[in-house]
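*Asks:* Handing over input.txt, compact mmCIF, C-alpha atoms.
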# COMPACT_ATOMS: atom_id res chain seq x y z
CA MET C 103 97.53 116.68 126.65
CA SER C 104 99.07 114.42 129.30
CA ALA C 105 102.79 113.84 129.68
CA ILE C 106 102.42 110.30 128.38
CA GLY C 107 101.44 111.87 125.06
CA ALA C 108 104.99 113.06 124.71
CA VAL C 109 106.34 109.56 124.45
CA SER C 110 106.08 107.27 121.52
CA SER C 111 107.76 104.79 119.23
CA CYS C 112 108.93 105.11 115.72
CA PHE C 113 106.73 102.16 114.88
CA CYS C 114 104.06 104.32 113.42
CA LEU C 115 100.83 103.23 111.79
CA ARG C 116 98.82 104.95 109.08
CA SER C 117 99.17 107.86 106.70
CA GLY C 118 97.05 110.99 106.80
CA VAL C 119 93.87 111.36 104.77
CA TRP C 120 94.53 114.20 102.31
CA LEU C 121 98.18 113.38 101.77
CA LEU C 122 97.89 109.67 101.01
CA LYS C 123 98.62 109.53 97.28
CA PRO C 124 100.30 106.17 96.77
CA GLY C 125 103.52 106.22 94.83
CA MET C 126 103.35 102.55 93.93
CA GLN C 127 100.92 100.62 91.77
CA MET C 128 99.05 97.69 93.23
CA SER C 129 99.50 94.32 91.58
CA SER C 130 97.48 91.13 91.93
CA PHE C 131 98.26 88.79 94.80
CA GLY C 132 96.55 85.62 95.99
CA LEU C 133 92.77 85.67 96.11
CA HIS C 134 92.22 89.31 97.05
CA THR C 135 88.99 90.98 95.98
CA ALA C 136 89.46 93.04 92.82
CA ALA C 137 86.27 95.07 93.05
CA ARG C 138 85.79 98.06 95.33
CA CYS C 139 82.86 96.38 97.07
CA ALA C 140 82.76 93.27 99.25
CA ALA C 141 82.94 89.86 97.57
CA LYS C 142 80.51 88.61 100.21
CA ASP C 143 78.10 90.37 102.55
CA TYR C 144 79.14 88.42 105.66
CA TYR C 145 82.47 87.45 107.26
CA GLU C 146 83.23 85.71 110.50
CA VAL C 147 85.97 88.28 111.18
CA LEU C 148 85.88 91.73 109.59
CA VAL C 149 88.93 93.98 110.01
CA LEU C 150 88.68 97.71 109.42
CA GLY C 151 92.01 99.17 108.34
CA GLY C 152 95.10 97.91 106.50
CA GLY C 153 97.77 99.49 108.69
CA ALA C 154 100.09 97.55 111.00
CA GLY C 155 97.32 96.54 113.42
CA GLY C 156 94.84 95.54 110.75
CA ILE C 157 97.26 93.46 108.68
CA ALA C 158 98.78 91.77 111.74
CA MET C 159 95.38 90.82 113.12
CA SER C 160 94.02 89.62 109.77
CA ALA C 161 97.02 87.27 109.53
CA ARG C 162 96.31 85.96 113.00
CA MET C 163 92.59 85.59 112.32
CA LYS C 164 93.25 83.74 109.06
CA ARG C 165 95.02 81.02 111.04
CA LYS C 166 92.15 80.94 113.49
CA VAL C 167 89.05 80.82 111.27
CA GLY C 168 90.35 80.31 107.72
CA ALA C 169 91.26 82.84 105.04
CA GLY C 170 87.88 82.87 103.31
CA ASN C 171 86.19 83.90 106.56
CA VAL C 172 88.31 87.03 107.05
CA ALA C 173 88.12 90.35 105.20
CA VAL C 174 90.06 93.62 105.49
CA VAL C 175 88.48 96.94 104.50
CA GLU C 176 91.19 99.29 103.24
CA PRO C 177 91.05 101.79 100.33
CA SER C 178 94.79 102.54 100.08
CA LYS C 179 96.89 100.80 97.44
CA THR C 180 100.18 101.30 99.30
CA HIS C 181 101.31 100.20 102.75
CA TYR C 182 104.04 102.32 104.33
CA TYR C 183 106.52 101.46 107.05
CA GLN C 184 106.46 104.96 108.49
CA PRO C 185 109.17 104.60 111.15
CA LEU C 186 111.64 104.89 108.28
CA TRP C 187 110.40 108.39 107.49
CA THR C 188 112.50 109.93 110.29
CA LEU C 189 115.58 108.67 108.45
CA VAL C 190 114.15 109.65 105.05
CA GLY C 191 113.66 113.21 106.31
CA GLY C 192 117.24 113.19 107.55
CA GLY C 193 118.62 111.92 104.24
CA ALA C 194 119.71 108.52 105.62
CA LYS C 195 117.10 106.36 103.82
CA GLN C 196 115.08 106.45 100.60
CA LEU C 197 111.30 106.87 100.63
CA ALA C 198 110.87 103.91 98.28
CA ALA C 199 112.28 101.61 100.95
CA SER C 200 109.28 102.37 103.18
CA ALA C 201 106.57 101.44 100.65
CA ARG C 202 105.09 98.18 99.42
CA PRO C 203 101.93 97.46 97.45
CA MET C 204 99.05 96.78 99.85
CA GLY C 205 98.37 93.51 98.07
CA SER C 206 101.85 92.24 98.91
CA VAL C 207 101.28 92.55 102.68
CA MET C 208 97.66 91.34 102.68
CA PRO C 209 97.58 87.71 103.93
CA LYS C 210 97.06 85.28 101.06
CA GLY C 211 93.43 84.32 100.64
CA VAL C 212 92.05 87.03 102.95
CA GLU C 213 89.50 89.18 101.13
CA TRP C 214 90.75 92.71 100.51
CA ILE C 215 87.75 95.03 100.25
CA LYS C 216 89.07 98.14 98.51
CA SER C 217 86.59 100.55 99.95
CA GLN C 218 86.14 102.97 102.81
CA VAL C 219 83.99 102.52 105.90
CA THR C 220 81.26 105.15 106.09
CA ALA C 221 79.32 103.99 109.17
CA LEU C 222 79.40 101.37 111.93
CA ASP C 223 76.26 99.70 113.32
CA PRO C 224 77.44 97.37 116.11
CA ASP C 225 73.87 96.81 117.34
CA LYS C 226 73.17 95.04 114.03
CA ASN C 227 76.66 93.56 113.63
CA CYS C 228 77.35 95.35 110.36
CA VAL C 229 79.23 98.22 108.76
CA TRP C 230 78.43 100.38 105.75
CA LEU C 231 80.91 101.05 102.98
CA GLU C 232 80.98 103.43 100.04
CA ASN C 233 78.10 103.13 97.55
CA ASP C 234 75.80 101.92 100.37
CA VAL C 235 77.41 98.49 100.53
CA LYS C 236 76.55 96.64 103.74
CA VAL C 237 78.85 94.00 105.24
CA SER C 238 77.92 91.95 108.31
CA TYR C 239 80.24 90.18 110.71
CA LYS C 240 80.43 87.89 113.72
CA TYR C 241 83.52 89.60 115.11
CA LEU C 242 84.80 93.09 114.28
CA ILE C 243 88.37 94.39 114.72
CA ILE C 244 88.74 98.16 114.38
CA ALA C 245 92.23 99.27 113.32
CA LEU C 246 91.52 102.53 111.52
CA GLY C 247 94.54 104.47 112.74
CA ILE C 248 94.61 108.22 113.28
CA SER C 249 93.89 111.15 110.95
CA LEU C 250 96.29 114.00 110.19
CA HIS C 251 94.87 117.53 110.13
CA TYR C 252 97.33 119.88 108.48
CA GLU C 253 94.36 122.04 107.53
CA LYS C 254 93.87 123.00 111.18
CA ILE C 255 97.04 125.09 110.88
CA LYS C 256 96.26 128.27 108.95
CA GLY C 257 98.26 128.37 105.71
CA LEU C 258 98.49 124.57 105.37
CA PRO C 259 98.53 122.28 103.50
CA GLU C 260 99.03 124.75 100.63
CA GLY C 261 102.14 126.06 102.40
CA PHE C 262 103.97 122.87 101.45
CA ASN C 263 104.11 124.20 97.89
CA HIS C 264 106.79 126.58 99.12
CA PRO C 265 110.41 125.58 99.88
CA LYS C 266 112.03 125.34 103.32
CA ILE C 267 109.07 123.51 104.91
CA GLY C 268 108.49 119.79 105.32
CA SER C 269 106.86 117.13 107.46
CA ASN C 270 108.00 113.58 108.18
CA TYR C 271 104.38 112.53 108.74
CA SER C 272 103.45 112.23 105.06
CA ALA C 273 104.85 110.42 102.07
CA GLN C 274 104.20 113.59 100.08
CA THR C 275 106.18 115.93 102.36
CA VAL C 276 108.91 113.85 104.00
CA GLU C 277 111.35 114.39 101.15
CA LYS C 278 110.70 118.14 101.43
CA THR C 279 112.13 117.89 104.96
CA TRP C 280 115.40 116.54 103.56
CA ARG C 281 115.42 119.19 100.83
CA ALA C 282 114.93 121.98 103.39
CA LEU C 283 117.73 120.57 105.55
CA ARG C 284 120.08 120.09 102.61
CA ASP C 285 119.43 123.64 101.34
CA PHE C 286 119.76 125.28 104.78
CA LYS C 287 121.96 128.37 104.74
CA GLU C 288 121.51 130.53 107.84
CA GLY C 289 118.81 131.27 110.42
CA ASN C 290 116.20 129.43 112.51
CA ALA C 291 115.52 125.71 112.10
CA ILE C 292 112.20 125.15 113.88
CA PHE C 293 110.59 121.82 114.83
CA THR C 294 107.02 121.68 116.17
CA PHE C 295 104.80 119.48 118.35
CA PRO C 296 101.00 120.08 118.27
CA ASN C 297 98.43 120.43 121.03
CA THR C 298 96.70 117.10 120.24
CA PRO C 299 97.35 113.39 120.69
CA VAL C 300 99.82 112.27 118.01
CA LYS C 301 101.30 109.09 116.63
CA CYS C 302 105.02 108.54 116.77
CA ALA C 303 105.39 111.42 119.18
CA GLY C 304 109.16 111.06 119.43
CA ALA C 305 109.54 111.81 115.73
CA PRO C 306 109.31 115.64 115.98
CA GLN C 307 112.46 115.82 118.08
CA LYS C 308 114.29 112.97 116.33
CA ILE C 309 114.47 114.99 113.12
CA MET C 310 115.78 117.91 115.17
CA TYR C 311 118.71 115.81 116.41
CA LEU C 312 119.43 114.53 112.90
CA SER C 313 119.30 118.09 111.55
CA ASP C 314 121.78 119.21 114.19
CA ALA C 315 124.12 116.35 113.23
CA TYR C 316 123.82 117.13 109.51
CA LEU C 317 124.49 120.85 109.99
CA ARG C 318 127.56 120.04 112.07
CA LYS C 319 128.80 117.63 109.42
CA THR C 320 128.40 120.24 106.68
CA GLY C 321 129.91 123.10 108.67
CA LYS C 322 126.66 125.09 108.92
CA ARG C 323 125.84 124.54 112.59
CA SER C 324 127.34 127.87 113.73
CA LYS C 325 124.88 129.64 111.42
CA ALA C 326 121.83 127.79 112.76
CA ASN C 327 119.54 128.46 115.72
CA ILE C 328 117.77 125.14 116.31
CA MET C 329 114.43 125.41 118.15
CA PHE C 330 111.96 122.77 119.36
CA ASN C 331 108.61 124.51 119.92
CA THR C 332 106.33 122.06 121.71
CA SER C 333 102.84 122.47 123.09
CA LEU C 334 103.79 120.17 125.96
CA GLY C 335 105.38 121.10 129.24
CA VAL C 336 107.98 118.30 129.18
CA ILE C 337 110.46 116.99 126.64
CA PHE C 338 109.46 113.35 127.31
CA GLY C 339 106.96 111.65 129.59
CA VAL C 340 109.33 109.14 131.21
CA LYS C 341 111.80 110.80 133.57
CA LYS C 342 114.71 108.44 132.93
CA TYR C 343 114.70 109.20 129.21
CA ALA C 344 113.71 112.84 129.64
CA ASP C 345 116.81 113.42 131.77
CA ALA C 346 118.99 111.84 129.09
CA LEU C 347 117.41 113.94 126.34
CA LEU C 348 117.83 117.15 128.30
CA GLU C 349 121.55 116.38 128.51
CA VAL C 350 121.68 115.91 124.74
CA ILE C 351 119.82 119.20 124.26
CA LYS C 352 122.22 121.02 126.58
CA ASP C 353 125.35 119.51 125.03
CA ARG C 354 124.25 120.45 121.50
CA ASN C 355 123.01 123.92 122.33
CA LEU C 356 119.42 123.32 121.24
CA THR C 357 116.56 125.59 122.34
CA VAL C 358 113.30 124.17 123.71
CA ASN C 359 110.24 126.42 124.01
CA TYR C 360 107.50 124.70 126.00
CA LYS C 361 103.76 125.42 125.70
CA HIS C 362 104.21 126.79 122.15
CA ASN C 363 101.57 125.56 119.68
CA LEU C 364 101.88 126.21 115.92
CA ILE C 365 98.68 127.87 114.66
CA GLU C 366 99.72 129.47 111.36
CA VAL C 367 102.37 129.18 108.65
CA ARG C 368 103.05 132.13 106.33
CA ALA C 369 105.13 130.15 103.89
CA ASP C 370 105.57 133.02 101.43
CA LYS C 371 107.26 135.05 104.19
CA GLN C 372 108.89 132.07 105.95
CA GLU C 373 107.08 132.91 109.18
CA ALA C 374 105.60 130.53 111.77
CA VAL C 375 103.05 131.77 114.30
CA PHE C 376 102.84 130.11 117.73
CA GLU C 377 100.20 130.52 120.43
CA ASN C 378 100.94 130.25 124.14
CA VAL C 379 99.02 127.18 125.34
CA ASP C 380 98.51 128.71 128.80
CA LYS C 381 97.55 132.12 127.42
CA PRO C 382 95.16 131.73 124.45
CA GLY C 383 95.43 134.65 122.08
CA VAL C 384 99.02 135.44 123.02
CA THR C 385 101.18 134.70 119.97
CA GLU C 386 104.79 134.86 118.77
CA VAL C 387 106.03 135.05 115.19
CA HIS C 388 109.27 133.29 114.30
CA GLN C 389 111.16 133.65 111.05
CA TYR C 390 112.46 130.33 109.75
CA GLU C 391 115.05 129.07 107.30
CA MET C 392 113.74 125.53 107.87
CA LEU C 393 110.42 124.41 109.37
CA HIS C 394 109.39 120.86 110.24
CA VAL C 395 105.66 120.58 110.98
CA THR C 396 104.04 117.88 113.09
CA PRO C 397 100.32 118.21 112.29
CA PRO C 398 97.39 118.15 114.71
CA MET C 399 95.79 114.70 114.75
CA GLY C 400 92.51 113.12 115.77
CA PRO C 401 90.29 110.06 115.39
CA PRO C 402 89.15 109.09 111.88
CA PRO C 403 85.95 110.98 110.96
CA VAL C 404 83.89 107.79 110.75
CA LEU C 405 84.54 107.15 114.45
CA ILE C 406 83.41 110.56 115.67
CA ASN C 407 79.97 110.20 117.28
CA SER C 408 80.03 106.48 116.45
CA PRO C 409 78.38 103.94 118.80
CA VAL C 410 81.79 102.27 119.29
CA SER C 411 83.59 105.45 120.34
CA ASP C 412 83.98 107.46 123.53
CA GLU C 413 83.08 111.14 123.76
CA SER C 414 86.36 112.12 122.07
CA GLY C 415 85.91 109.79 119.10
CA TRP C 416 88.36 107.02 120.06
CA VAL C 417 87.27 103.36 120.07
CA ASP C 418 86.25 102.60 123.65
CA VAL C 419 88.05 99.41 124.68
CA ASP C 420 89.14 97.76 127.90
CA LYS C 421 92.77 98.75 128.43
CA GLU C 422 93.86 95.24 129.44
CA THR C 423 91.97 93.01 126.99
CA LEU C 424 91.28 95.39 124.04
CA GLN C 425 87.68 94.15 123.99
CA HIS C 426 85.03 96.82 123.49
CA LYS C 427 83.44 97.95 126.75
CA LYS C 428 79.87 97.63 125.42
CA TYR C 429 79.98 95.25 122.44
CA PRO C 430 81.71 91.94 123.35
CA ASN C 431 82.24 90.93 119.70
CA VAL C 432 84.00 94.21 118.84
CA PHE C 433 87.71 94.84 119.45
CA GLY C 434 90.14 97.69 118.85
CA ILE C 435 93.86 97.95 118.27
CA GLY C 436 96.35 100.73 117.69
CA ASP C 437 96.02 104.46 117.11
CA CYS C 438 92.22 104.59 116.86
CA THR C 439 91.65 103.33 120.41
CA ASN C 440 91.46 105.18 123.73
CA LEU C 441 94.14 103.02 125.33
CA PRO C 442 96.10 105.34 127.67
CA THR C 443 99.46 104.70 126.05
CA SER C 444 101.41 106.07 123.11
CA LYS C 445 99.84 105.61 119.69
CA THR C 446 102.52 103.52 118.02
CA ALA C 447 103.01 100.23 116.21
CA ALA C 448 105.49 99.15 118.85
CA ALA C 449 102.41 99.24 121.05
CA VAL C 450 100.48 97.48 118.27
CA ALA C 451 102.96 94.60 118.30
CA ALA C 452 102.34 93.99 122.00
CA GLN C 453 98.61 94.61 121.62
CA SER C 454 98.31 92.09 118.77
CA GLY C 455 99.53 89.24 120.94
CA VAL C 456 97.11 90.11 123.72
CA LEU C 457 94.20 90.65 121.34
CA ASP C 458 94.83 87.31 119.65
CA LYS C 459 94.42 85.54 122.99
CA THR C 460 91.42 87.70 123.94
CA ILE C 461 89.55 86.82 120.75
CA SER C 462 90.44 83.12 121.09
CA LEU C 463 88.78 82.99 124.48
CA VAL C 464 85.78 85.07 123.41
CA MET C 465 85.21 82.65 120.53
CA LYS C 466 85.05 79.85 123.15
CA ASN C 467 82.64 81.87 125.29
CA GLU C 468 85.32 82.27 127.92
CA LEU C 469 86.51 85.41 129.72
CA PRO C 470 89.75 87.03 128.51
CA VAL C 471 92.65 86.62 130.92
CA LYS C 472 95.69 87.96 129.05
CA LYS C 473 96.42 91.55 130.08
CA TYR C 474 98.11 94.31 128.07
CA ASP C 475 100.38 96.38 130.32
CA GLY C 476 100.61 99.39 128.01
CA TYR C 477 104.02 98.45 126.63
CA THR C 478 105.42 100.70 123.94
CA SER C 479 108.85 101.67 122.71
CA CYS C 480 110.60 104.65 121.20
CA PRO C 481 114.00 104.38 119.53
CA LEU C 482 114.99 108.03 120.06
CA VAL C 483 117.32 108.81 117.18
CA THR C 484 119.83 111.38 118.43
CA GLY C 485 122.27 111.20 115.51
CA TYR C 486 123.15 109.24 112.37
CA ASN C 487 124.55 106.41 114.49
CA LYS C 488 123.01 107.04 117.92
CA VAL C 489 119.75 105.93 119.55
CA ILE C 490 118.35 106.03 123.07
CA LEU C 491 115.97 103.05 123.26
CA ALA C 492 113.02 104.06 125.43
CA GLU C 493 110.59 101.32 126.50
CA PHE C 494 107.84 101.84 129.06
CA ASP C 495 104.35 100.89 130.26
CA TYR C 496 100.96 102.45 131.11
CA ASN C 497 102.47 104.08 134.19
CA ALA C 498 105.29 105.70 132.18
CA GLN C 499 107.75 103.42 133.95
CA PRO C 500 110.69 101.90 132.07
CA LEU C 501 109.95 98.39 130.80
CA GLU C 502 113.23 97.55 129.14
CA THR C 503 114.22 94.51 127.09
CA PHE C 504 118.01 94.52 127.36
CA PRO C 505 120.18 94.21 130.50
CA ILE C 506 121.91 97.54 129.82
CA ASP C 507 121.19 101.18 130.56
CA GLN C 508 118.93 102.01 127.62
CA SER C 509 118.99 105.73 128.41
CA LYS C 510 122.51 105.87 126.95
CA GLU C 511 123.09 106.73 123.28
CA ARG C 512 124.23 103.59 121.47
CA ALA C 513 125.25 102.76 117.90
CA THR C 514 123.93 99.21 118.31
CA MET C 515 120.43 100.55 118.99
CA TYR C 516 120.65 102.77 115.91
CA HIS C 517 121.38 99.76 113.72
CA MET C 518 118.55 97.86 115.36
CA LYS C 519 116.18 100.74 114.52
CA ALA C 520 117.49 101.38 111.00
CA ASP C 521 118.22 97.85 109.80
CA MET C 522 116.71 95.15 112.03
CA MET C 523 113.30 96.59 112.87
CA PRO C 524 112.18 96.99 109.23
CA LEU C 525 112.88 93.29 108.69
CA LEU C 526 110.97 92.41 111.84
CA TYR C 527 108.06 94.60 110.74
CA TRP C 528 107.68 93.19 107.21
CA ASN C 529 108.46 89.55 108.02
CA ALA C 530 107.07 89.03 111.52
CA LEU C 531 104.65 91.70 112.75
CA LEU C 532 102.61 91.95 109.54
CA LYS C 533 102.51 88.17 109.26
CA GLY C 534 101.07 87.87 112.77
CA TYR C 535 104.11 86.26 114.38
CA TRP C 536 105.47 89.14 116.46
CA GLY C 537 103.69 90.01 119.71
CA GLY C 538 106.24 92.43 121.12
CA PRO C 539 109.49 91.82 122.99
CA ALA C 540 108.02 90.28 126.16
CA PRO C 541 109.43 86.76 125.47
CA VAL C 542 112.85 88.23 124.65
CA ARG C 543 112.75 90.34 127.79
CA LYS C 544 111.86 87.28 129.87
CA LEU C 545 114.73 85.25 128.43
CA MET C 546 117.18 88.11 128.92
CA HIS C 547 116.31 88.54 132.56
CA LEU C 548 116.16 84.80 133.26
CA GLY C 549 119.68 84.59 131.87
CA LEU C 550 120.84 87.07 134.50
CA LYS C 551 119.56 84.97 137.40
Any chance you could give the structure as structure tokens?
*Replies:*
Amino acid sequence: MSAIGAVSSCFCLRSGVWLLKPGMQMSSFGLHTAARCAAKDYYEVLVLGGGAGGIAMSARMKRKVGAGNVAVVEPSKTHYYQPLWTLVGGGAKQLAASARPMGSVMPKGVEWIKSQVTALDPDKNCVWLENDVKVSYKYLIIALGISLHYEKIKGLPEGFNHPKIGSNYSAQTVEKTWRALRDFKEGNAIFTFPNTPVKCAGAPQKIMYLSDAYLRKTGKRSKANIMFNTSLGVIFGVKKYADALLEVIKDRNLTVNYKHNLIEVRADKQEAVFENVDKPGVTEVHQYEMLHVTPPMGPPPVLINSPVSDESGWVDVDKETLQHKKYPNVFGIGDCTNLPTSKTAAAVAAQSGVLDKTISLVMKNELPVKKYDGYTSCPLVTGYNKVILAEFDYNAQPLETFPIDQSKERATMYHMKADMMPLLYWNALLKGYWGGPAPVRKLMHLGLK
């Protein structure tokens, strides 16, 4: 995995497959389809996925072609704002605050097809859903997110039935993280990072910093050995922010073990087994009092060996326009694509603005001109009132919004992450009005001239 894979935003996208058991009931909104199959067999714009990218683009497309001409395929009844889960796992926010009924975020009048995509046939401009339902389209937007694979770690997911183990990547396990932290007595607190691409890749170490702060607050820090076992060879892929994080790690006496990949959890014995990435077969067993697991991840199964995907299973799009490299009426956004940047919804926000302009020009038979620069962001939570705001581009170079040193821990950035960004997510990004901070950045820097 490249160094850029170590950087990410807390704007995360979709839940895992096996763990997505909605905690909220869906109610009726607008003109959404009530059946599990399509209300029609053809739409001008068909969107696959009801995560941040799918909802944002369906809102934009509704304004472009009319609500009745747009449909979203999404089986889940609940939409989660997952960036909040870092704070839920640290006991600073409630899980309920991150969830809303899917119907409440679906643009009014857009058809909600409550089904799952089973196959894509871009040569015939159609997709297949459950029960052999076929839906055709003029334009297709793929926003299927990324799949979690806890089962690729021996002993999981059944290990979550035991105490002292949690994961901030699932609605079903994030509160177990807080329980494990709250019940910590003495021993190793271990935080993991897998040997795969991941979404919200800053999250595994954010919960480590929050855990350190909580244990200090409760007088237990002297009894804890806090370890970050990562499969990567760096703490962060952008040097400016990596240097700042290494100072935090040093100041707080945290241990980082590079090239350590979690391969097994023996939850009944409270043991975690790690393999040396550079020496396959060489393993270490660590006893834990608390274990936070970041699962292996990969493309959704329907995309593997699909005509729209590259050899690894990611949607194969142009990195500047987000238009598919082979099928000009197919587009991708977010975690499911092979864009060489972090898989985050901060990236999705910037991508949505570019993709909106790309599709507008394609609809006019013109060539796309707007270019996505790989922008993403990561509010690196380093305490209950501290955040390092990392922003960067395709080249892992800082691309900052504010005229300050964003590598410094700041309380203002924590409040932006904890309080302002959820409002921006629900009320601007999902409604198709937020295309990333580029306009703000431009105004900020013009004001300095």
*Asks:* Using only C-alpha atoms, can you tell me which of C:Leu246, C:Ala173, C:Leu469, C:Val229 comes closest to Gly211 of chain C?
*Replies:*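 Nearest candidate to Gly211 of chain C out of C:Leu246, C:Ala173, C:Leu469, C:Val229: C:Ala173.
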*Asks:* Hey, which of C:Thr180, C:Gly261, C:Pro403, C:Val190 ends up closest to Ser206 of chain C? Count all atoms listed in the file.
*Replies:* C:Thr180
*Asks:* May I have the residues within 7 Å of segment 275-279 of chain C as JSON, numbers by chain, using only C-alpha atoms and disregarding those fewer than 4 positions away in the same chain?
*Replies:* {"C": [187, 190, 191, 267, 268, 269, 270, 271, 283, 394]}
*Asks:* Please write out, as AutoDock Vina command-line options, where the centre of an axis-aligned box around all listed atoms of segment 242-249 of chain C lies and how long its edges are, in Å to one decimal, after adding 6 Å on each side.
*Replies:*
--center_x 89.7 --center_y 102.1 --center_z 112.8 --size_x 21.8 --size_y 30.1 --size_z 15.8
*Asks:* Would you mind telling me which residue in C:Lys472, C:Glu493, C:Ala303, C:Lys266 lies nearest to Lys341 of chain C when using only C-alpha atoms?
*Replies:* C:Glu493
*Asks:* Which residue gives the smallest distance to Trp230 of chain C among C:Ala344, C:Gly170, C:Val404, C:Ile328, with only C-alpha atoms counted?
*Replies:*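 For Trp230 of chain C, the nearest of the candidates is C:Val404.
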*Asks:* Report the distance between atom CA of Glu176 of chain C and atom CA of Met204 of chain C in Å, rounded to one decimal place.
*Replies:* 8.9 Å
*Asks:* Find the distance between atom CA of Gly289 of chain C and atom CA of Ala346 of chain C and write it in Å to one decimal.
*Replies:*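 One can read the atom CA of Gly289 of chain C to atom CA of Ala346 of chain C distance as 26.9 Å.
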*Asks:* Provide the atom CA of Phe262 of chain C to atom CA of Ala369 of chain C distance in Å, to one decimal place.
*Replies:*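 Result for atom CA of Phe262 of chain C versus atom CA of Ala369 of chain C: 7.8 Å, one decimal.
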*Asks:* Counting all atoms listed in the file, figure out which residue out of C:His181, C:Lys428, C:Lys445, C:His362 gets nearest to Ile157 of chain C.
*Replies:*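 Counting all atoms listed in the file, the residue closest to Ile157 of chain C is C:His181.
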*Asks:* Skip Tyr343 of chain C itself and residues of its chain fewer than 4 positions away, then list as number ranges by chain all residues within 12 Å of it, counting only C-alpha atoms.
*Replies:* C: 108-110, 304, 336-339, 347-350, 479-482, 489-494, 498-502, 507-511
*Asks:* Quick one: residues within 8 Å of Arg368 of chain C, all atoms listed in the file, excluding same-chain residues fewer than 4 positions away - as a tab-separated table (two decimals) with C-alpha atoms, in the frame of the given file?
*Replies:*
chain	number	residue	atom	x	y	z
C	257	GLY	CA	98.26	128.37	105.71
C	261	GLY	CA	102.14	126.06	102.40
C	372	GLN	CA	108.89	132.07	105.95
C	373	GLU	CA	107.08	132.91	109.18
C	374	ALA	CA	105.60	130.53	111.77
C	375	VAL	CA	103.05	131.77	114.30
*Asks:* Restricting the calculation to all atoms listed in the file, which member of C:Trp214, C:Tyr535, C:Tyr182, C:Phe293 is positioned closest to Arg202 of chain C?
*Replies:* C:Tyr182
*Asks:* For Arg323 of chain C, please output as a PDB file with C-alpha atoms, in the coordinates of the input all residues within 12 Å (counting all atoms listed in the file; exclusion window: fewer than 5 positions along the same chain).
*Replies:*
ATOM      1  CA  LEU C 283     117.730 120.570 105.550  1.00  0.00           C
ATOM      2  CA  PHE C 286     119.760 125.280 104.780  1.00  0.00           C
ATOM      3  CA  LYS C 287     121.960 128.370 104.740  1.00  0.00           C
ATOM      4  CA  GLU C 288     121.510 130.530 107.840  1.00  0.00           C
ATOM      5  CA  GLY C 289     118.810 131.270 110.420  1.00  0.00           C
ATOM      6  CA  ASN C 290     116.200 129.430 112.510  1.00  0.00           C
ATOM      7  CA  ALA C 291     115.520 125.710 112.100  1.00  0.00           C
ATOM      8  CA  TYR C 311     118.710 115.810 116.410  1.00  0.00           C
ATOM      9  CA  LEU C 312     119.430 114.530 112.900  1.00  0.00           C
ATOM     10  CA  SER C 313     119.300 118.090 111.550  1.00  0.00           C
ATOM     11  CA  ASP C 314     121.780 119.210 114.190  1.00  0.00           C
ATOM     12  CA  ALA C 315     124.120 116.350 113.230  1.00  0.00           C
ATOM     13  CA  TYR C 316     123.820 117.130 109.510  1.00  0.00           C
ATOM     14  CA  LEU C 317     124.490 120.850 109.990  1.00  0.00           C
ATOM     15  CA  ARG C 318     127.560 120.040 112.070  1.00  0.00           C
ATOM     16  CA  ILE C 328     117.770 125.140 116.310  1.00  0.00           C
ATOM     17  CA  ARG C 354     124.250 120.450 121.500  1.00  0.00           C
ATOM     18  CA  ASN C 355     123.010 123.920 122.330  1.00  0.00           C
ATOM     19  CA  LEU C 356     119.420 123.320 121.240  1.00  0.00           C
TER      20      LEU C 356
END
*Asks:* Starting from the point (114.9, 109.5, 109.8), work out which residues of protein, DNA or RNA have an atom no more than 9 Å away when counting all atoms listed in the file; state them as an MDAnalysis selection string.
*Replies:* chainID C and resid 185:195 270 305 308:309 312 483 486 520
*Asks:* Pick out the residues sitting within 10 Å of Pro524 of chain C, and hand them over as a count of residues only; count all atoms listed in the file, and ignore anything fewer than 5 positions along from it in its own chain.
*Replies:* 12
*Asks:* Using all atoms listed in the file, list the residues that have an atom at most 7 Å from (90.1, 85.4, 107.3), coordinates as in the file, as a list in words.
*Replies:*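 Every polymer residue passing the test: Val147, Ser160, Met163, Lys164, Val167, Gly168, Ala169, Gly170, Asn171, Val172, Ala173 and Val212 of chain C.
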